[in-house]
file coords-v2.cif (mmCIF, C-alpha atoms and all ligand atoms)
data_data
loop_
_atom_site.group_PDB
_atom_site.id
_atom_site.type_symbol
_atom_site.label_atom_id
_atom_site.label_comp_id
_atom_site.auth_asym_id
_atom_site.auth_seq_id
_atom_site.Cartn_x
_atom_site.Cartn_y
_atom_site.Cartn_z
ATOM 1 C CA MET A 157 0.000 0.000 0.000
ATOM 2 C CA LYS A 158 1.054 3.588 -0.699
ATOM 3 C CA PRO A 159 2.240 5.526 2.378
ATOM 4 C CA LEU A 160 -0.484 7.655 3.915
ATOM 5 C CA LYS A 161 -0.129 10.539 6.376
ATOM 6 C CA ILE A 162 -3.439 11.679 7.816
ATOM 7 C CA VAL A 163 -3.568 14.674 10.143
ATOM 8 C CA LEU A 164 -6.704 15.238 12.218
ATOM 9 C CA ILE A 165 -7.431 18.817 13.245
ATOM 10 C CA GLY A 166 -10.330 20.499 15.022
ATOM 11 C CA PHE A 167 -11.429 22.216 18.205
ATOM 12 C CA MET A 168 -11.188 20.592 21.652
ATOM 13 C CA GLY A 169 -13.936 17.993 21.980
ATOM 14 C CA CYS A 170 -14.442 17.484 18.236
ATOM 15 C CA GLY A 171 -13.547 13.783 18.555
ATOM 16 C CA LYS A 172 -9.941 13.653 17.274
ATOM 17 C CA SER A 173 -8.774 11.354 20.082
ATOM 18 C CA SER A 174 -11.698 8.958 19.622
ATOM 19 C CA VAL A 175 -11.583 8.856 15.841
ATOM 20 C CA ALA A 176 -7.772 8.696 15.390
ATOM 21 C CA PRO A 177 -7.270 5.188 16.903
ATOM 22 C CA LEU A 178 -10.186 3.780 14.876
ATOM 23 C CA LEU A 179 -8.805 5.285 11.701
ATOM 24 C CA ALA A 180 -5.290 4.013 12.461
ATOM 25 C CA GLU A 181 -6.663 0.531 13.013
ATOM 26 C CA ARG A 182 -8.783 0.520 9.860
ATOM 27 C CA LEU A 183 -5.802 1.700 7.803
ATOM 28 C CA SER A 184 -3.229 -0.438 9.678
ATOM 29 C CA LEU A 185 -1.188 2.671 10.386
ATOM 30 C CA PRO A 186 0.648 3.758 13.525
ATOM 31 C CA LEU A 187 -1.165 6.322 15.663
ATOM 32 C CA LEU A 188 0.794 9.413 16.743
ATOM 33 C CA GLU A 189 -0.583 12.114 19.048
ATOM 34 C CA VAL A 190 0.995 15.553 19.197
ATOM 35 C CA ASP A 191 -0.124 16.168 22.805
ATOM 36 C CA ARG A 192 1.345 12.801 23.854
ATOM 37 C CA ILE A 193 4.687 13.697 22.236
ATOM 38 C CA VAL A 194 4.596 17.083 24.019
ATOM 39 C CA ILE A 195 4.054 15.384 27.386
ATOM 40 C CA GLU A 196 6.731 12.754 26.765
ATOM 41 C CA ARG A 197 9.270 15.413 25.858
ATOM 42 C CA SER A 198 8.408 17.624 28.853
ATOM 43 C CA ASP A 199 9.099 17.103 32.530
ATOM 44 C CA TYR A 200 5.377 16.967 33.282
ATOM 45 C CA GLU A 201 2.685 14.344 33.430
ATOM 46 C CA HIS A 202 -0.151 16.195 31.797
ATOM 47 C CA ILE A 203 -1.037 19.290 29.774
ATOM 48 C CA PRO A 204 -2.397 21.441 32.643
ATOM 49 C CA ALA A 205 0.913 21.010 34.505
ATOM 50 C CA ILE A 206 2.798 22.286 31.443
ATOM 51 C CA PHE A 207 0.486 25.315 31.191
ATOM 52 C CA GLU A 208 0.983 26.024 34.906
ATOM 53 C CA ALA A 209 4.753 25.763 34.819
ATOM 54 C CA ARG A 210 5.554 27.228 31.397
ATOM 55 C CA GLY A 211 2.431 29.145 30.429
ATOM 56 C CA GLU A 212 0.669 28.846 27.103
ATOM 57 C CA THR A 213 3.774 30.212 25.364
ATOM 58 C CA GLY A 214 5.909 27.383 26.743
ATOM 59 C CA PHE A 215 3.288 24.847 25.730
ATOM 60 C CA ARG A 216 3.137 26.255 22.179
ATOM 61 C CA GLU A 217 6.905 25.946 21.839
ATOM 62 C CA LEU A 218 6.788 22.293 22.830
ATOM 63 C CA GLU A 219 3.843 21.763 20.491
ATOM 64 C CA ALA A 220 5.722 23.329 17.573
ATOM 65 C CA ALA A 221 8.765 21.135 18.321
ATOM 66 C CA ALA A 222 6.515 18.059 18.368
ATOM 67 C CA ALA A 223 4.996 19.033 14.992
ATOM 68 C CA LEU A 224 8.515 19.525 13.602
ATOM 69 C CA SER A 225 9.470 16.044 14.822
ATOM 70 C CA LEU A 226 6.643 14.673 12.638
ATOM 71 C CA ARG A 227 7.774 16.499 9.497
ATOM 72 C CA ASP A 228 9.372 13.456 7.906
ATOM 73 C CA THR A 229 6.755 10.994 9.082
ATOM 74 C CA HIS A 230 4.911 9.844 5.996
ATOM 75 C CA ASN A 231 2.886 6.837 7.077
ATOM 76 C CA ALA A 232 0.716 7.445 10.146
ATOM 77 C CA VAL A 233 -2.489 8.838 11.558
ATOM 78 C CA ILE A 234 -1.634 11.968 13.528
ATOM 79 C CA SER A 235 -3.989 13.481 16.081
ATOM 80 C CA THR A 236 -3.316 17.113 17.025
ATOM 81 C CA GLY A 237 -4.314 19.495 19.826
ATOM 82 C CA GLY A 238 -6.935 22.105 18.973
ATOM 83 C CA GLY A 239 -4.388 24.944 18.911
ATOM 84 C CA ILE A 240 -2.050 23.395 16.339
ATOM 85 C CA ILE A 241 -3.363 25.784 13.684
ATOM 86 C CA GLY A 242 -2.023 28.759 15.677
ATOM 87 C CA ARG A 243 1.264 28.545 13.760
ATOM 88 C CA GLN A 244 1.492 28.097 10.019
ATOM 89 C CA GLU A 245 4.804 26.244 10.448
ATOM 90 C CA ASN A 246 2.984 23.490 12.374
ATOM 91 C CA ILE A 247 0.648 22.864 9.476
ATOM 92 C CA ASP A 248 3.537 23.012 6.997
ATOM 93 C CA ASN A 249 5.457 20.419 9.020
ATOM 94 C CA LEU A 250 2.466 18.121 9.379
ATOM 95 C CA ARG A 251 1.618 18.424 5.683
ATOM 96 C CA HIS A 252 5.169 17.657 4.615
ATOM 97 C CA ARG A 253 5.598 14.347 2.741
ATOM 98 C CA GLY A 254 2.031 14.144 1.588
ATOM 99 C CA GLY A 255 0.095 14.882 4.789
ATOM 100 C CA ILE A 256 -3.656 15.060 4.222
ATOM 101 C CA VAL A 257 -5.420 17.355 6.682
ATOM 102 C CA VAL A 258 -8.858 16.291 7.916
ATOM 103 C CA PHE A 259 -10.935 18.809 9.870
ATOM 104 C CA LEU A 260 -13.517 17.344 12.241
ATOM 105 C CA ARG A 261 -16.070 20.150 12.309
ATOM 106 C CA THR A 262 -18.374 20.320 15.300
ATOM 107 C CA THR A 263 -20.653 23.057 16.651
ATOM 108 C CA PHE A 264 -19.759 24.761 19.929
ATOM 109 C CA ASP A 265 -22.860 23.309 21.615
ATOM 110 C CA GLU A 266 -21.792 19.811 20.676
ATOM 111 C CA VAL A 267 -18.209 20.207 21.927
ATOM 112 C CA THR A 268 -19.450 21.475 25.297
ATOM 113 C CA ARG A 269 -21.750 18.448 25.501
ATOM 114 C CA ARG A 270 -18.899 16.076 24.621
ATOM 115 C CA ILE A 271 -16.140 17.407 26.858
ATOM 116 C CA LYS A 272 -16.216 15.588 30.164
ATOM 117 C CA ASP A 273 -12.995 16.822 31.703
ATOM 118 C CA PHE A 274 -12.793 20.621 31.551
ATOM 119 C CA GLU A 275 -9.969 20.637 34.113
ATOM 120 C CA ASP A 276 -7.757 18.781 31.681
ATOM 121 C CA ARG A 277 -8.161 21.596 29.127
ATOM 122 C CA PRO A 278 -6.769 24.889 30.448
ATOM 123 C CA LEU A 279 -8.293 26.813 27.536
ATOM 124 C CA PHE A 280 -11.789 25.450 28.132
ATOM 125 C CA ARG A 281 -12.170 26.324 31.804
ATOM 126 C CA ASP A 282 -13.852 29.620 30.958
ATOM 127 C CA LYS A 283 -16.724 28.819 28.594
ATOM 128 C CA LYS A 284 -17.119 32.364 27.271
ATOM 129 C CA ARG A 285 -13.449 32.587 26.318
ATOM 130 C CA ALA A 286 -13.578 29.125 24.811
ATOM 131 C CA GLU A 287 -16.504 30.200 22.636
ATOM 132 C CA GLU A 288 -14.568 33.255 21.422
ATOM 133 C CA LEU A 289 -11.585 31.068 20.615
ATOM 134 C CA PHE A 290 -13.885 28.662 18.780
ATOM 135 C CA GLY A 291 -15.238 31.502 16.616
ATOM 136 C CA LYS A 292 -11.732 32.706 15.773
ATOM 137 C CA ARG A 293 -10.386 29.279 14.937
ATOM 138 C CA LEU A 294 -13.262 27.857 12.916
ATOM 139 C CA PRO A 295 -12.332 29.529 9.606
ATOM 140 C CA ILE A 296 -8.660 28.675 10.124
ATOM 141 C CA TYR A 297 -9.342 24.941 10.479
ATOM 142 C CA ALA A 298 -11.458 25.067 7.318
ATOM 143 C CA GLN A 299 -8.777 26.990 5.439
ATOM 144 C CA HIS A 300 -6.184 24.292 6.172
ATOM 145 C CA ALA A 301 -8.397 21.280 5.484
ATOM 146 C CA ASP A 302 -8.274 18.923 2.514
ATOM 147 C CA ILE A 303 -11.284 17.087 3.893
ATOM 148 C CA ILE A 304 -14.024 18.435 6.185
ATOM 149 C CA ILE A 305 -16.312 16.100 8.111
ATOM 150 C CA ASP A 306 -19.313 17.426 10.051
ATOM 151 C CA THR A 307 -19.431 15.351 13.214
ATOM 152 C CA ASP A 308 -22.459 16.583 15.195
ATOM 153 C CA GLY A 309 -24.699 13.691 16.193
ATOM 154 C CA LYS A 310 -22.322 11.090 14.731
ATOM 155 C CA ASN A 311 -20.364 8.439 16.603
ATOM 156 C CA PRO A 312 -16.603 7.942 16.069
ATOM 157 C CA ASN A 313 -17.181 4.875 13.865
ATOM 158 C CA ASP A 314 -19.450 6.840 11.512
ATOM 159 C CA VAL A 315 -16.923 9.666 11.345
ATOM 160 C CA CYS A 316 -14.141 7.187 10.629
ATOM 161 C CA SER A 317 -16.129 5.592 7.773
ATOM 162 C CA GLU A 318 -16.826 9.016 6.276
ATOM 163 C CA ILE A 319 -13.142 9.890 6.355
ATOM 164 C CA LEU A 320 -12.254 6.610 4.630
ATOM 165 C CA ALA A 321 -14.845 7.253 1.911
ATOM 166 C CA LYS A 322 -13.553 10.777 1.300
ATOM 167 C CA LEU A 323 -9.939 9.561 1.263
ATOM 168 C CA GLU A 324 -10.805 7.039 -1.382
ATOM 169 C CA ALA A 325 -12.453 9.729 -3.468
ATOM 170 C CA LEU A 326 -9.267 11.817 -3.202
ATOM 171 C CA GLN A 327 -6.902 9.047 -4.400
HETATM 172 C C1 LIG B 1 -5.589 22.996 23.135
HETATM 173 C C2 LIG B 1 -6.179 21.762 22.945
HETATM 174 C C3 LIG B 1 -5.793 20.562 23.710
HETATM 175 C C4 LIG B 1 -4.344 20.688 24.183
HETATM 176 C C5 LIG B 1 -4.142 21.973 24.933
HETATM 177 C C6 LIG B 1 -4.454 23.197 24.065
HETATM 178 C C7 LIG B 1 -6.080 24.158 22.347
HETATM 179 O O1 LIG B 1 -5.930 19.386 22.920
HETATM 180 O O2 LIG B 1 -3.461 20.629 23.100
HETATM 181 O O3 LIG B 1 -4.980 21.954 26.078
HETATM 182 O O4 LIG B 1 -5.392 25.190 22.282
HETATM 183 O O5 LIG B 1 -7.182 24.038 21.753
HETATM 184 P P1 LIG B 1 -7.374 18.778 22.488
HETATM 185 O O6 LIG B 1 -7.825 19.518 21.263
HETATM 186 O O7 LIG B 1 -7.079 17.338 22.189
HETATM 187 O O8 LIG B 1 -8.307 18.948 23.633
#
call {"tool": "encode", "arguments": {"input": "coords-v2.cif", "output": "structure tokens", "more": "lines below"}}
Ligand code: S3P
result
Amino acid sequence: MKPLKIVLIGFMGCGKSSVAPLLAERLSLPLLEVDRIVIERSDYEHIPAIFEARGETGFRELEAAAALSLRDTHNAVISTGGGIIGRQENIDNLRHRGGIVVFLRTTFDEVTRRIKDFEDRPLFRDKKRAEELFGKRLPIYAQHADIIIDTDGKNPNDVCSEILAKLEALQ
């Protein structure tokens, strides 16, 4: 099979972490998670601890370094954190070597319904600010996407099947 690099993007709670393992399994590809790489390369055990110790700026630096480390990866499903689109270089690195960017689009109401652990997401603790961020980011996700999947009311398996169908149409 031809190498395939799929990059999932979208706001917190859009389903990237649920869909990515299913997609990786269906395509027999390794699963890589940017947030996991960030944690592994930091001295901390979770994202909120990184935000507390290094601030959002410190987190973004680690995130950019993690995206750079995936530049030459060309055969994997890559799940990203919602803020990955904050730097163009991140998208360039993830796209490198044929990366196909898939945006899981979800309404703000649906992401607030889906997110169970607000404490784990420093940028979702204040709902009003999260909604502003959502509004700002929405067009940026769409601008970077090769494939857009609307996910409201769908389960991860349905979303995964839709991605596979759209990937086939692209080939
Ligand atoms: C962030 C999203 C989080 C995580 C960090 C920042 C963001 O990942 O990277 O808390 O800026 O939207 P998820 O999108 O997986 O929640």
call {"tool": "resolve_selection", "arguments": {"input": "coords-v2.cif", "expression": "the PyMOL selection byres (((chain A and resi 178-194) around 8) and not hetatm)", "output": "mmCIF file with C-alpha atoms, in the frame of the given file"}}
result
data_model
loop_
_atom_site.group_PDB
_atom_site.id
_atom_site.type_symbol
_atom_site.label_atom_id
_atom_site.label_comp_id
_atom_site.auth_asym_id
_atom_site.auth_seq_id
_atom_site.Cartn_x
_atom_site.Cartn_y
_atom_site.Cartn_z
ATOM 1 C CA SER A 174 -11.698 8.958 19.622
ATOM 2 C CA VAL A 175 -11.583 8.856 15.841
ATOM 3 C CA ALA A 176 -7.772 8.696 15.390
ATOM 4 C CA PRO A 177 -7.270 5.188 16.903
ATOM 5 C CA ILE A 195 4.054 15.384 27.386
ATOM 6 C CA GLU A 196 6.731 12.754 26.765
ATOM 7 C CA ARG A 197 9.270 15.413 25.858
ATOM 8 C CA SER A 198 8.408 17.624 28.853
ATOM 9 C CA ILE A 203 -1.037 19.290 29.774
ATOM 10 C CA LEU A 218 6.788 22.293 22.830
ATOM 11 C CA GLU A 219 3.843 21.763 20.491
ATOM 12 C CA ALA A 222 6.515 18.059 18.368
ATOM 13 C CA ALA A 223 4.996 19.033 14.992
ATOM 14 C CA ASN A 231 2.886 6.837 7.077
ATOM 15 C CA ALA A 232 0.716 7.445 10.146
ATOM 16 C CA VAL A 233 -2.489 8.838 11.558
ATOM 17 C CA ILE A 234 -1.634 11.968 13.528
ATOM 18 C CA SER A 235 -3.989 13.481 16.081
ATOM 19 C CA THR A 236 -3.316 17.113 17.025
ATOM 20 C CA GLY A 237 -4.314 19.495 19.826
ATOM 21 C CA PRO A 312 -16.603 7.942 16.069
ATOM 22 C CA ASN A 313 -17.181 4.875 13.865
ATOM 23 C CA CYS A 316 -14.141 7.187 10.629
ATOM 24 C CA LEU A 320 -12.254 6.610 4.630
#
call {"tool": "residues_around", "arguments": {"input": "coords-v2.cif", "residues": "A:Thr268", "least_positions_apart": "6", "cutoff": "10 Å", "atoms": "all atoms listed in the file", "output": "PyMOL selection string"}}
result
chain A and resi 168-170+274+280+283+286-287
call {"tool": "axis_aligned_box", "arguments": {"input": "coords-v2.cif", "around": "stretch 262-265 of chain A", "padding_each_side": "6 Å", "output": "lines of an AutoDock Vina configuration file"}}
result
center_x = -20.6
center_y = 22.5
center_z = 18.5
size_x = 16.5
size_y = 16.4
size_z = 18.3
call {"tool": "atom_distance", "arguments": {"input": "coords-v2.cif", "atom1": "atom CA of A:His252", "atom2": "atom CA of A:Arg227"}}
result
5.7 Å
call {"tool": "atom_distance", "arguments": {"input": "coords-v2.cif", "atom1": "atom CA of A:Lys161", "atom2": "atom CA of A:Val315"}}
result
17.5 Å
call {"tool": "resolve_selection", "arguments": {"input": "coords-v2.cif", "expression": "the PyMOL selection byres (((chain A and resi 239-244) around 8) and not hetatm)", "output": "PyMOL selection string"}}
result
chain A and resi 165+167+219-220+236-238+245-248+293+296-297
call {"tool": "closest_residue", "arguments": {"input": "coords-v2.cif", "among": "A:Asp273, A:Pro278, A:Gly254, A:Gly214", "to": "ligand LIG 1 (chain B)", "atoms": "only C-alpha atoms and all ligand atoms"}}
result
A:Pro278
call {"tool": "atom_distance", "arguments": {"input": "coords-v2.cif", "atom1": "atom CA of A:Gly166", "atom2": "atom C4 of ligand LIG 1 (chain B)"}}
result
10.9 Å
call {"tool": "closest_residue", "arguments": {"input": "coords-v2.cif", "among": "A:Lys310, A:His300, A:Lys272, A:His230", "to": "ligand LIG 1 (chain B)", "atoms": "all atoms listed in the file"}}
result
A:Lys272
call {"tool": "residues_near_point", "arguments": {"input": "coords-v2.cif", "point": "(-14.9, 20.0, 10.9)", "cutoff": "6 Å", "atoms": "all atoms listed in the file", "output": "PDB file with C-alpha atoms, in the coordinates of the input"}}
result
ATOM      1  CA  PHE A 259     -10.935  18.809   9.870  1.00  0.00           C
ATOM      2  CA  LEU A 260     -13.517  17.344  12.241  1.00  0.00           C
ATOM      3  CA  ARG A 261     -16.070  20.150  12.309  1.00  0.00           C
ATOM      4  CA  THR A 262     -18.374  20.320  15.300  1.00  0.00           C
ATOM      5  CA  ILE A 304     -14.024  18.435   6.185  1.00  0.00           C
ATOM      6  CA  ILE A 305     -16.312  16.100   8.111  1.00  0.00           C
ATOM      7  CA  ASP A 306     -19.313  17.426  10.051  1.00  0.00           C
TER       8      ASP A 306
END
call {"tool": "closest_residue", "arguments": {"input": "coords-v2.cif", "among": "A:Val258, A:Glu217, A:Lys284, A:Pro295", "to": "A:Glu318", "atoms": "all atoms listed in the file"}}
result
A:Val258
call {"tool": "closest_residue", "arguments": {"input": "coords-v2.cif", "among": "A:Ala205, A:Asp308, A:Glu212, A:Lys158", "to": "A:Leu279", "atoms": "only C-alpha atoms"}}
result
A:Glu212
call {"tool": "closest_residue", "arguments": {"input": "coords-v2.cif", "among": "A:Ile319, A:Arg210, A:Arg253, A:Phe264", "to": "A:Leu164", "atoms": "only C-alpha atoms"}}
result
A:Ile319
call {"tool": "closest_residue", "arguments": {"input": "coords-v2.cif", "among": "A:Leu326, A:Asp276, A:Met157, A:Ile303", "to": "A:Ile206", "atoms": "all atoms listed in the file"}}
result
A:Asp276
